[in-house]
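Peer 1: This is the structure I have questions about; it appears just below.
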Amino acid sequence: MTGTTGDTRRRLLQTASAGFGYVALAGLLARADESSEQAQPQAAQPLAPRPTHFPPRAKRVIFLCMQGGPSHVDTFDYKPQLIADAGKTIGAGRRSLMAPVSPFRQRGQSGLWISDLFPSLAEQADKLCLLRSLHCDQPTHPRAVTQMHTGNAQFVRPSLGAWTLYGLGTENDSLPGFVALNAPPASAQNYGSAFLPAVYQGSRVGPSVQRGPAQARAAGTAPALPDIRNPRMSRDAQRRQLDFIQELNRQKLEREEVQPGVEGVIESYELAFRMQDSLPDLMDLSAESQATQTLYGLDENQTSVFGRQCLLARRFVEAGVRFVEINHGNWDHHARLETDLQARSREVDRPIAGLLADLDQRGLLKDTLVMWGGEFGRTPDAQNGSGRDHNHRGYTYWMAGGGVKGGFSYGSTDEHGAAAVENKCHVHDWHATILHLLGLDHTKLTYRYAGRNFRLTDVYGNVVHDILS
C-alpha cells in the first residue's frame, strides 16, 4: 500500500495482530527467519500431501513422550539378575543395586515381560514392539530431551514432528499437521521448525487441556483452545482483514523473492482462519460414547486428564493430522521411586491401553505408529536410598502399529540394565527407523540451509530393519 504512512501501516498491522490472537495461542504464528538461506523455492501449497520415497508402512505418528526419564528396569526391561543381586554394591560410588519396585510377568501369547505397574497396557502386549537397547549421548534432562526431539543437543534444529510434516505434508488443510498436546511453554524448540519454513512447526495445545477433570466432565467436552474464536469481529470482517494483510505479505514476497518467514506467516494465517470452523468441533468430546470415554479412563480422576489427551490424539489422527505428541511429566524419580512411579504409571496405563484398543478397532492402528518413552532411563542402583539416577547408556522404548512387529522384543541391556549391549539402538537409529516406517529415506529427507544440506539424523543413523513387520 504505497500511499500509507509507516505509522498508519504499523497501526493496521497491530490491529490485525490483535484480531488474530488465536493464531499465536494455537502455536501457528511463524517466527521470522530472515537469516535463512533456503536454496529451493517453497511449494505453492507447502502442506499439500507429498509422495514418499517408497511405500510407507505408517501414515501418521502419535508420540507419547514421558519427560523425566522413566525407569526401564521397573517397567519394560525385566532383569532377573538385578533381583537376585539386590543389595550388592557396584561402581566407584559403591551404590547398592535395587530390585524393581513391582513384579514382572509374561504377557499375551508373545510372553513379553511387562511390569505389574501397567496392568491395562499388559493386555495389549501382543501389539507392542519393545526396543530394549536405546541409548543417547546426553545424561542431563534439557540436552537429552532436545536430542530426543531434534537429533541434536547443541544447536537449534527442526523437530521430529516438523521433519515429518515437511516430508509428508498433511491430509487436512483445515487442521495443523503437527500438534503438541500439553507441551511445556519453555520447550518450543522441541516442537519447532528451526530453519524449515515456519508452517511446519507444531501447534501447541497447552496447559488448558489440564483443567480440572470434574469441570471438564461436567461440560461434557474437552477444554477448548484459547482464543480460537474472535469475539470482536464477524467472519466476513476477519476475511477482509486477512485479505489485506496477505496482500501486504505478497507484495513483500514479490520484492524480496525468497522470504521464508513471510511465506510461513501467509500459510499460518490462512490455516488459523480455517481452524475456527474445524478445531472446536474436533476437540469437543461430548459426541463420544460413554463406552469410549470409559475406555480411555475419563470416568476416573487419576486417568481423566491424560485419557482426554489420548482421546484427542485419536480424533486428531483420524481427522488427518500427521504427527501428534502428548507430553506427560514428572518421571524424574531420584527418590520415592516406588510411590511416585506407581502414581505416574497409573495416570497413563489405562488411557494408553484404551488408545491402542480404540485405534485397532477403528482400523487405524495398522498405519498409525504409536511410540512411548522418555529422554533416557534410570540406573539399576539406588540413589538417595529410594530412587534411581539418570541413565543414558541403556533404556527402553516401545512402539505399536504402523508397520512394526507386535509381541516382539529387540535388543538388550546388560544383566543389571545399566547399558545397552546387544543390537544397540542410538537415538539417530530410532529417528531413521521412524522416518523409514513413514516411507521416508532419512538420508534423502534434507533441507538446504547455511550452505549445506541438513537432515534429522545429521550424518548418522541406521534403520532397525529387524523390528519391521
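In the C-alpha cells, each chain is lettered A, B, ... as it comes, each chain's residues begin at 1, and ligands are numbered from 1 in order of appearance.
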What are the nearest atom pairs, with distances in Å to one decimal, for all residues of region 337-449 of chain A that come at most 10 Å from region 152-176 of chain A, using only C-alpha atoms, set out by chain and rising residue number as a tab-separated table?

Peer 2:
residue	atom	partner	partner_atom	distance
A:Val427	CA	A:Asn152	CA	9.9
A:His428	CA	A:Asn152	CA	9.3
A:His431	CA	A:Leu160	CA	7.6
A:Ile434	CA	A:Leu160	CA	9.2
A:Leu435	CA	A:Thr164	CA	7.4
A:Leu438	CA	A:Thr164	CA	8.2
A:Gly439	CA	A:Leu168	CA	8.9
A:Leu440	CA	A:Gly167	CA	7.3
A:Asp441	CA	A:Gly167	CA	9.8
A:His442	CA	A:Trp163	CA	9.9
A:Lys444	CA	A:Gly167	CA	10.0
A:Leu445	CA	A:Gly167	CA	6.8
A:Thr446	CA	A:Trp163	CA	9.0
A:Tyr447	CA	A:Tyr166	CA	9.5

Peer 1: The selected residues should be written to file as a CSV table (one decimal), in the first residue's frame (atoms: N, CA and C atoms).

Peer 2:
chain,number,residue,atom,x,y,z
A,427,VAL,N,19.7,-43.0,19.4
A,427,VAL,CA,18.6,-42.1,19.1
A,427,VAL,C,18.5,-41.8,17.6
A,428,HIS,N,19.7,-41.7,16.9
A,428,HIS,CA,19.7,-41.5,15.5
A,428,HIS,C,19.1,-42.6,14.7
A,431,HIS,N,15.3,-42.4,15.1
A,431,HIS,CA,14.8,-41.4,14.1
A,431,HIS,C,14.8,-42.0,12.7
A,434,ILE,N,11.9,-44.4,12.4
A,434,ILE,CA,10.6,-43.8,12.3
A,434,ILE,C,10.3,-43.2,10.9
A,435,LEU,N,11.3,-42.5,10.4
A,435,LEU,CA,11.1,-42.0,9.0
A,435,LEU,C,11.0,-43.1,8.0
A,438,LEU,N,7.5,-44.3,7.8
A,438,LEU,CA,6.7,-43.3,7.1
A,438,LEU,C,6.9,-43.2,5.6
A,439,GLY,N,7.8,-44.1,5.1
A,439,GLY,CA,8.1,-44.1,3.7
A,439,GLY,C,9.2,-43.1,3.3
A,440,LEU,N,10.0,-42.6,4.3
A,440,LEU,CA,11.0,-41.6,4.0
A,440,LEU,C,12.4,-42.1,4.3
A,441,ASP,N,13.2,-41.9,3.3
A,441,ASP,CA,14.7,-42.2,3.5
A,441,ASP,C,15.3,-41.1,4.2
A,442,HIS,N,15.8,-41.4,5.4
A,442,HIS,CA,16.4,-40.3,6.2
A,442,HIS,C,17.6,-39.7,5.6
A,444,LYS,N,17.8,-38.9,2.5
A,444,LYS,CA,17.3,-38.1,1.3
A,444,LYS,C,16.4,-37.0,1.8
A,445,LEU,N,15.8,-37.1,3.0
A,445,LEU,CA,15.0,-36.0,3.5
A,445,LEU,C,15.9,-34.9,4.1
A,446,THR,N,16.2,-34.0,3.2
A,446,THR,CA,17.2,-32.9,3.5
A,446,THR,C,16.6,-31.6,3.3
A,447,TYR,N,17.2,-30.6,3.8
A,447,TYR,CA,16.8,-29.2,3.6
A,447,TYR,C,18.1,-28.3,3.5

Peer 1: Give me, as an mmCIF file with N, CA and C atoms, in the first residue's frame, all polymer residues having an atom no more than 10 Å from Arg105 (chain A), counting only C-alpha atoms and skipping those fewer than 2 positions away in the same chain.

Peer 2:
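As written to disk, around_19.cif reads:
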data_model
loop_
_atom_site.group_PDB
_atom_site.id
_atom_site.type_symbol
_atom_site.label_atom_id
_atom_site.label_comp_id
_atom_site.auth_asym_id
_atom_site.auth_seq_id
_atom_site.Cartn_x
_atom_site.Cartn_y
_atom_site.Cartn_z
ATOM 1 N N TYR A 78 12.917 -56.427 31.936
ATOM 2 C CA TYR A 78 12.973 -57.400 33.022
ATOM 3 C C TYR A 78 14.393 -57.902 33.212
ATOM 4 N N SER A 102 8.157 -53.318 41.387
ATOM 5 C CA SER A 102 6.931 -54.072 41.157
ATOM 6 C C SER A 102 7.280 -55.340 40.374
ATOM 7 N N PRO A 103 6.556 -56.425 40.581
ATOM 8 C CA PRO A 103 6.865 -57.673 39.868
ATOM 9 C C PRO A 103 6.642 -57.558 38.355
ATOM 10 N N ARG A 107 3.392 -61.644 29.378
ATOM 11 C CA ARG A 107 2.057 -61.211 28.972
ATOM 12 C C ARG A 107 1.736 -61.666 27.550
ATOM 13 N N GLY A 108 0.447 -61.912 27.327
ATOM 14 C CA GLY A 108 -0.033 -62.224 25.996
ATOM 15 C C GLY A 108 0.517 -63.536 25.467
ATOM 16 N N GLY A 111 4.408 -63.546 25.294
ATOM 17 C CA GLY A 111 5.190 -63.736 26.517
ATOM 18 C C GLY A 111 6.116 -62.587 26.856
ATOM 19 N N LEU A 112 5.826 -61.377 26.375
ATOM 20 C CA LEU A 112 6.663 -60.226 26.729
ATOM 21 C C LEU A 112 6.614 -59.976 28.233
ATOM 22 N N TRP A 113 7.786 -59.669 28.792
ATOM 23 C CA TRP A 113 7.855 -59.347 30.215
ATOM 24 C C TRP A 113 7.492 -57.883 30.426
ATOM 25 N N ILE A 114 6.421 -57.647 31.185
ATOM 26 C CA ILE A 114 5.948 -56.293 31.472
ATOM 27 C C ILE A 114 5.607 -56.205 32.946
ATOM 28 N N SER A 115 5.940 -55.066 33.552
ATOM 29 C CA SER A 115 5.726 -54.865 34.984
ATOM 30 C C SER A 115 4.237 -54.787 35.329
ATOM 31 N N ASP A 116 3.926 -55.161 36.574
ATOM 32 C CA ASP A 116 2.567 -55.012 37.094
ATOM 33 C C ASP A 116 2.149 -53.553 37.204
ATOM 34 N N PRO A 119 -0.925 -52.842 34.211
ATOM 35 C CA PRO A 119 -1.828 -53.992 34.011
ATOM 36 C C PRO A 119 -2.713 -53.862 32.776
ATOM 37 N N ALA A 122 -0.557 -54.160 29.642
ATOM 38 C CA ALA A 122 -0.103 -55.543 29.516
ATOM 39 C C ALA A 122 -1.079 -56.382 28.708
#

Peer 1: Give me, please, the distance in Å between CA of Glu338 (chain A) and CA of Gln293 (chain A), quoted to one decimal.

Peer 2: 29.0 Å

Peer 1: What's around Asp126 (chain A) at 12 Å? Count only C-alpha atoms, leave out sequence neighbours fewer than 6 positions away in its own chain, and write the answer as a VMD selection string.

Peer 2: chain A and resid 106 to 114 353 356 to 357 398 to 401 404 to 409

Peer 1: Restrict the selected residues to C-alpha atoms and save them as a compact mmCIF listing (two decimals), in the first residue's frame.

Peer 2:
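Contents of the output file part.txt:
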# COMPACT_ATOMS: atom_id res chain seq x y z
CA GLN A 106 4.98 -62.60 30.91
CA ARG A 107 2.06 -61.21 28.97
CA GLY A 108 -0.03 -62.22 26.00
CA GLN A 109 0.69 -65.02 23.57
CA SER A 110 4.10 -63.47 22.89
CA GLY A 111 5.19 -63.74 26.52
CA LEU A 112 6.66 -60.23 26.73
CA TRP A 113 7.85 -59.35 30.22
CA ILE A 114 5.95 -56.29 31.47
CA ALA A 353 -4.29 -49.19 26.57
CA LEU A 356 -4.29 -48.80 21.30
CA ALA A 357 -7.54 -50.74 21.53
CA TRP A 398 8.11 -49.32 22.81
CA MET A 399 6.30 -48.92 19.50
CA ALA A 400 2.99 -50.29 18.29
CA GLY A 401 1.13 -50.43 14.97
CA VAL A 404 6.36 -52.78 13.50
CA LYS A 405 6.26 -56.33 14.82
CA GLY A 406 3.80 -56.87 17.66
CA GLY A 407 4.70 -59.00 20.66
CA PHE A 408 8.37 -58.55 19.83
CA SER A 409 11.45 -57.58 21.83

Peer 1: So which one's closest to Ile62 (chain A), A:Tyr296, A:Phe376, A:Phe104, A:Phe178? Using only C-alpha atoms, please.

Peer 2: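 Ranked by minimum distance to Ile62 (chain A), first place goes to A:Phe178.
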
Peer 1: CA of Cys425 (chain A) and CA of Ser412 (chain A), how far apart in Å?

Peer 2: 9.7 Å

Peer 1: Find the residues near region 365-374 of chain A: any atom within 8 Å, counting only C-alpha atoms, skip ones fewer than 6 places away on the same chain, and give them as a CSV table (one decimal) with N, CA and C atoms, in the first residue's frame.

Peer 2:
chain,number,residue,atom,x,y,z
A,57,ARG,N,4.8,-47.8,5.6
A,57,ARG,CA,4.0,-48.7,6.5
A,57,ARG,C,3.1,-47.9,7.4
A,58,ALA,N,3.5,-46.7,7.8
A,58,ALA,CA,2.7,-45.8,8.6
A,58,ALA,C,2.4,-44.5,7.9
A,59,LYS,N,1.3,-43.9,8.2
A,59,LYS,CA,0.9,-42.7,7.6
A,59,LYS,C,0.9,-41.5,8.6
A,60,ARG,N,1.0,-41.9,9.9
A,60,ARG,CA,0.9,-40.9,10.9
A,60,ARG,C,1.5,-41.4,12.2
A,61,VAL,N,1.8,-40.5,13.1
A,61,VAL,CA,2.5,-40.8,14.4
A,61,VAL,C,1.8,-40.2,15.6
A,62,ILE,N,1.7,-41.0,16.7
A,62,ILE,CA,1.4,-40.5,18.0
A,62,ILE,C,2.5,-40.8,18.9
A,63,PHE,N,3.2,-39.8,19.4
A,63,PHE,CA,4.4,-39.9,20.3
A,63,PHE,C,3.9,-39.6,21.7
A,64,LEU,N,4.0,-40.6,22.6
A,64,LEU,CA,3.7,-40.5,24.0
A,64,LEU,C,5.0,-40.2,24.7
A,65,CYS,N,5.2,-38.9,25.0
A,65,CYS,CA,6.5,-38.5,25.5
A,65,CYS,C,6.5,-38.4,27.0
A,66,MET,N,7.2,-39.3,27.7
A,66,MET,CA,7.2,-39.3,29.1
A,66,MET,C,8.5,-38.6,29.6
A,67,GLN,N,8.4,-37.3,29.9
A,67,GLN,CA,9.6,-36.5,30.2
A,67,GLN,C,10.0,-36.7,31.7
A,68,GLY,N,11.3,-36.8,31.8
A,68,GLY,CA,11.9,-37.1,33.1
A,68,GLY,C,12.7,-38.3,33.2
A,69,GLY,N,12.5,-39.2,32.2
A,69,GLY,CA,13.3,-40.4,32.2
A,69,GLY,C,12.7,-41.6,33.0
A,70,PRO,N,11.7,-42.3,32.4
A,70,PRO,CA,11.1,-43.4,33.1
A,70,PRO,C,12.1,-44.5,33.3
A,145,VAL,N,16.5,-34.3,26.2
A,145,VAL,CA,15.1,-34.1,25.6
A,145,VAL,C,15.3,-33.4,24.3
A,356,LEU,N,-4.7,-47.7,22.2
A,356,LEU,CA,-4.3,-48.8,21.3
A,356,LEU,C,-5.5,-49.6,20.9
A,359,LEU,N,-7.7,-47.4,18.5
A,359,LEU,CA,-7.1,-47.3,17.1
A,359,LEU,C,-7.3,-48.7,16.4
A,396,THR,N,14.6,-48.3,27.5
A,396,THR,CA,13.6,-48.9,26.7
A,396,THR,C,12.6,-47.9,26.1
A,397,TYR,N,12.3,-48.1,24.9
A,397,TYR,CA,11.1,-47.5,24.2
A,397,TYR,C,10.2,-48.7,23.8
A,398,TRP,N,8.9,-48.4,23.6
A,398,TRP,CA,8.1,-49.3,22.8
A,398,TRP,C,7.4,-48.6,21.7
A,399,MET,N,7.1,-49.4,20.6
A,399,MET,CA,6.3,-48.9,19.5
A,399,MET,C,5.2,-49.9,19.3
A,400,ALA,N,4.1,-49.4,18.6
A,400,ALA,CA,3.0,-50.3,18.3
A,400,ALA,C,2.4,-49.8,17.0
A,401,GLY,N,1.8,-50.8,16.2
A,401,GLY,CA,1.1,-50.4,15.0
A,401,GLY,C,2.1,-50.0,13.9
A,402,GLY,N,1.6,-49.3,12.9
A,402,GLY,CA,2.4,-48.6,11.9
A,402,GLY,C,3.6,-49.4,11.3
A,403,GLY,N,3.4,-50.7,11.2
A,403,GLY,CA,4.5,-51.5,10.5
A,403,GLY,C,5.5,-52.1,11.3

Peer 1: Quick one: residues within 9 Å of Ala99 (chain A), only C-alpha atoms, excluding same-chain residues fewer than 4 positions away - as an MDAnalysis selection string?

Peer 2: chainID A and resid 73:74 79:80 82:87 380:382

Peer 1: Here is a test: counting only C-alpha atoms, which residue of A:Glu422, A:Glu347, A:Asp414, A:Asp243 is nearest to Gly329 (chain A)?

Peer 2: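 Once distances to Gly329 (chain A) are computed over only C-alpha atoms, the minimum belongs to A:Glu347.
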
Peer 1: Taking 6 positions as the minimum chain separation for residues in the same chain, which residues sit within 9 Å of Tyr460 (chain A) when counting only C-alpha atoms? Answer as number ranges by chain.

Peer 2: A: 428-429, 432, 443

Peer 1: So which one's closest to Thr379 (chain A), A:Gln361, A:Asn423, A:Thr413, A:Ser193? Using only C-alpha atoms, please.

Peer 2: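 Smallest separation from Thr379 (chain A) among the options: A:Thr413.
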